[in-house]
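A.B. asks: So that we are looking at the same thing, I have put the structure below in structure tokens.
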Amino acid sequence: MSDVGSYEAQLRSGRAERQPGALPPHYPSCFGCGPESEYGLHLVTRLVGDELRATYTFSARHAGAPGIAHGGSVAALVDDLCGFSLFIIRKAAVTRKLEVEYLKPVLVGVPYDVVGKVDRIEGRKVFVSAEGTSPEGVLTFRGNALFLVVDLSHFDQGMQSSGDAPPVAF
């Protein structure tokens, strides 16, 4: 769907096509979860209790070495999953700091279970963590992020330069 306004209306009315139980994307062209992002991850995240959950399989287009996902692709996955914390805190927030630890090679073609959670909130600061495990249950990567709660006016500069509508996930 190319018309962002139409897509926003479909999301808000519950008519947008997405997997059952999936949270709506941050924005149609979001690199992490946007369905319109041609080269994006197309991450599908669910809120289960107070946890953010996804299963993700990196493809060859995410490789940084033969059969191994590029670290930046893994970091983007962690950042985007943690970004869904806005559905827990019910406020807009942006990444301030992201740290990813690669414990084992993240293999292409392997479905990883990724779980994120809000660890604590201190004023505008939202501390979030995530872990990715292999099908065998081996902890393969983990990350910690600091998000800052922002007013929606934070996005004005980007919308003015791109001509886009505001994020729809709020």
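In the structure tokens, chains take letters A, B, ... by order of appearance, with residues numbered from 1 within each chain and ligands from 1 in the order shown.
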Can you list, as an mmCIF file with C-alpha atoms, in the first residue's frame, every protein, DNA or RNA residue that comes within 8 Å of stretch 45-47 of chain A when you count only C-alpha atoms, leaving out same-chain residues fewer than 6 positions away?

C.D. replies:
data_model
loop_
_atom_site.group_PDB
_atom_site.id
_atom_site.type_symbol
_atom_site.label_atom_id
_atom_site.label_comp_id
_atom_site.auth_asym_id
_atom_site.auth_seq_id
_atom_site.Cartn_x
_atom_site.Cartn_y
_atom_site.Cartn_z
ATOM 1 C CA GLY A 21 -2.140 -10.843 17.766
ATOM 2 C CA ALA A 22 0.604 -8.807 16.096
ATOM 3 C CA LEU A 23 1.198 -5.255 17.246
ATOM 4 C CA ARG A 53 7.838 -11.546 21.745
ATOM 5 C CA ALA A 54 8.895 -12.318 18.208
ATOM 6 C CA LEU A 81 11.752 -5.088 19.329
ATOM 7 C CA PHE A 84 7.677 -1.823 20.940
ATOM 8 C CA PHE A 87 2.849 -0.445 23.898
#

A.B. asks: Which residue is closest to A:Ile68? Choose from A:Ala92, A:Ala130, A:Val48, A:Val106 and count only C-alpha atoms.

C.D. replies: A:Val106

A.B. asks: Using DSSP assignments from the backbone, pull out every residue in stretch 55-126 of chain A that falls under helix (DSSP H, G or I) and give it to me as a PDB file with N, CA and C atoms, in the first residue's frame.

C.D. replies:
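Resulting contents of result.pdb:
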ATOM      1  N   ALA A  60      19.579 -14.413   3.751  1.00  0.00           N
ATOM      2  CA  ALA A  60      20.878 -14.131   3.141  1.00  0.00           C
ATOM      3  C   ALA A  60      21.090 -12.637   2.917  1.00  0.00           C
ATOM      4  N   ARG A  61      20.019 -11.880   2.734  1.00  0.00           N
ATOM      5  CA  ARG A  61      20.189 -10.436   2.528  1.00  0.00           C
ATOM      6  C   ARG A  61      20.653  -9.725   3.796  1.00  0.00           C
ATOM      7  N   HIS A  62      20.580 -10.403   4.944  1.00  0.00           N
ATOM      8  CA  HIS A  62      21.035  -9.832   6.214  1.00  0.00           C
ATOM      9  C   HIS A  62      22.453 -10.269   6.575  1.00  0.00           C
ATOM     10  N   GLY A  71      26.064  -8.035  12.163  1.00  0.00           N
ATOM     11  CA  GLY A  71      25.795  -7.509  13.499  1.00  0.00           C
ATOM     12  C   GLY A  71      24.841  -6.333  13.500  1.00  0.00           C
ATOM     13  N   GLY A  72      24.898  -5.504  12.465  1.00  0.00           N
ATOM     14  CA  GLY A  72      23.989  -4.374  12.372  1.00  0.00           C
ATOM     15  C   GLY A  72      22.545  -4.812  12.174  1.00  0.00           C
ATOM     16  N   SER A  73      22.351  -5.916  11.456  1.00  0.00           N
ATOM     17  CA  SER A  73      20.996  -6.451  11.286  1.00  0.00           C
ATOM     18  C   SER A  73      20.459  -6.950  12.613  1.00  0.00           C
ATOM     19  N   VAL A  74      21.311  -7.611  13.381  1.00  0.00           N
ATOM     20  CA  VAL A  74      20.896  -8.106  14.701  1.00  0.00           C
ATOM     21  C   VAL A  74      20.588  -6.919  15.613  1.00  0.00           C
ATOM     22  N   ALA A  75      21.428  -5.893  15.570  1.00  0.00           N
ATOM     23  CA  ALA A  75      21.205  -4.705  16.401  1.00  0.00           C
ATOM     24  C   ALA A  75      19.891  -4.024  16.016  1.00  0.00           C
ATOM     25  N   ALA A  76      19.605  -3.951  14.715  1.00  0.00           N
ATOM     26  CA  ALA A  76      18.342  -3.351  14.266  1.00  0.00           C
ATOM     27  C   ALA A  76      17.152  -4.140  14.796  1.00  0.00           C
ATOM     28  N   LEU A  77      17.265  -5.455  14.804  1.00  0.00           N
ATOM     29  CA  LEU A  77      16.198  -6.305  15.335  1.00  0.00           C
ATOM     30  C   LEU A  77      15.980  -6.016  16.825  1.00  0.00           C
ATOM     31  N   VAL A  78      17.062  -5.977  17.586  1.00  0.00           N
ATOM     32  CA  VAL A  78      16.961  -5.708  19.027  1.00  0.00           C
ATOM     33  C   VAL A  78      16.361  -4.324  19.264  1.00  0.00           C
ATOM     34  N   ASP A  79      16.837  -3.324  18.526  1.00  0.00           N
ATOM     35  CA  ASP A  79      16.337  -1.963  18.685  1.00  0.00           C
ATOM     36  C   ASP A  79      14.843  -1.886  18.384  1.00  0.00           C
ATOM     37  N   ASP A  80      14.419  -2.518  17.291  1.00  0.00           N
ATOM     38  CA  ASP A  80      13.020  -2.431  16.914  1.00  0.00           C
ATOM     39  C   ASP A  80      12.134  -3.171  17.911  1.00  0.00           C
ATOM     40  N   LEU A  81      12.541  -4.358  18.333  1.00  0.00           N
ATOM     41  CA  LEU A  81      11.752  -5.088  19.329  1.00  0.00           C
ATOM     42  C   LEU A  81      11.632  -4.260  20.606  1.00  0.00           C
ATOM     43  N   CYS A  82      12.746  -3.698  21.071  1.00  0.00           N
ATOM     44  CA  CYS A  82      12.710  -2.864  22.276  1.00  0.00           C
ATOM     45  C   CYS A  82      11.827  -1.640  22.069  1.00  0.00           C
ATOM     46  N   GLY A  83      11.781  -1.132  20.848  1.00  0.00           N
ATOM     47  CA  GLY A  83      10.951   0.025  20.551  1.00  0.00           C
ATOM     48  C   GLY A  83       9.470  -0.234  20.739  1.00  0.00           C
ATOM     49  N   LEU A  86       6.774   0.934  23.740  1.00  0.00           N
ATOM     50  CA  LEU A  86       5.772   2.004  23.808  1.00  0.00           C
ATOM     51  C   LEU A  86       4.381   1.436  24.039  1.00  0.00           C
ATOM     52  N   PHE A  87       4.152   0.171  23.648  1.00  0.00           N
ATOM     53  CA  PHE A  87       2.849  -0.445  23.898  1.00  0.00           C
ATOM     54  C   PHE A  87       2.696  -0.852  25.362  1.00  0.00           C
ATOM     55  N   ILE A  88       3.801  -0.945  26.071  1.00  0.00           N
ATOM     56  CA  ILE A  88       3.756  -1.256  27.502  1.00  0.00           C
ATOM     57  C   ILE A  88       3.627   0.038  28.312  1.00  0.00           C
ATOM     58  N   ILE A  89       4.442   1.027  27.975  1.00  0.00           N
ATOM     59  CA  ILE A  89       4.442   2.279  28.753  1.00  0.00           C
ATOM     60  C   ILE A  89       3.362   3.253  28.286  1.00  0.00           C
TER      61      ILE A  89
END

A.B. asks: Please indicate the distance in Å from atom CA of A:Val94 to atom CA of A:His26, rounded to one decimal place.

C.D. replies: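 Rounded to one decimal, the two atoms are 11.2 Å apart.
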
A.B. asks: May I ask which of the residues A:Cys33, A:Leu52, A:Phe141, A:Val150 is the closest one to A:Val126, counting only C-alpha atoms?

C.D. replies: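 Checking each of A:Cys33, A:Leu52, A:Phe141, A:Val150 against A:Val126, counting only C-alpha atoms, the winner is A:Val150.
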
A.B. asks: At a cut-off of 8 Å, using only C-alpha atoms, what residues contact A:Val118? Leave out same-chain residues fewer than 5 positions from it and give the result as a PyMOL selection string.

C.D. replies: chain A and resi 50-51+85+88+126-129

A.B. asks: Would you list the contacts of A:Val110 as a ChimeraX atom specification, taking every protein, DNA or RNA residue within 10 Å and counting only C-alpha atoms, but skipping same-chain residues closer than 4 positions in sequence?

C.D. replies: /A:55-59,67-68,106,134-135
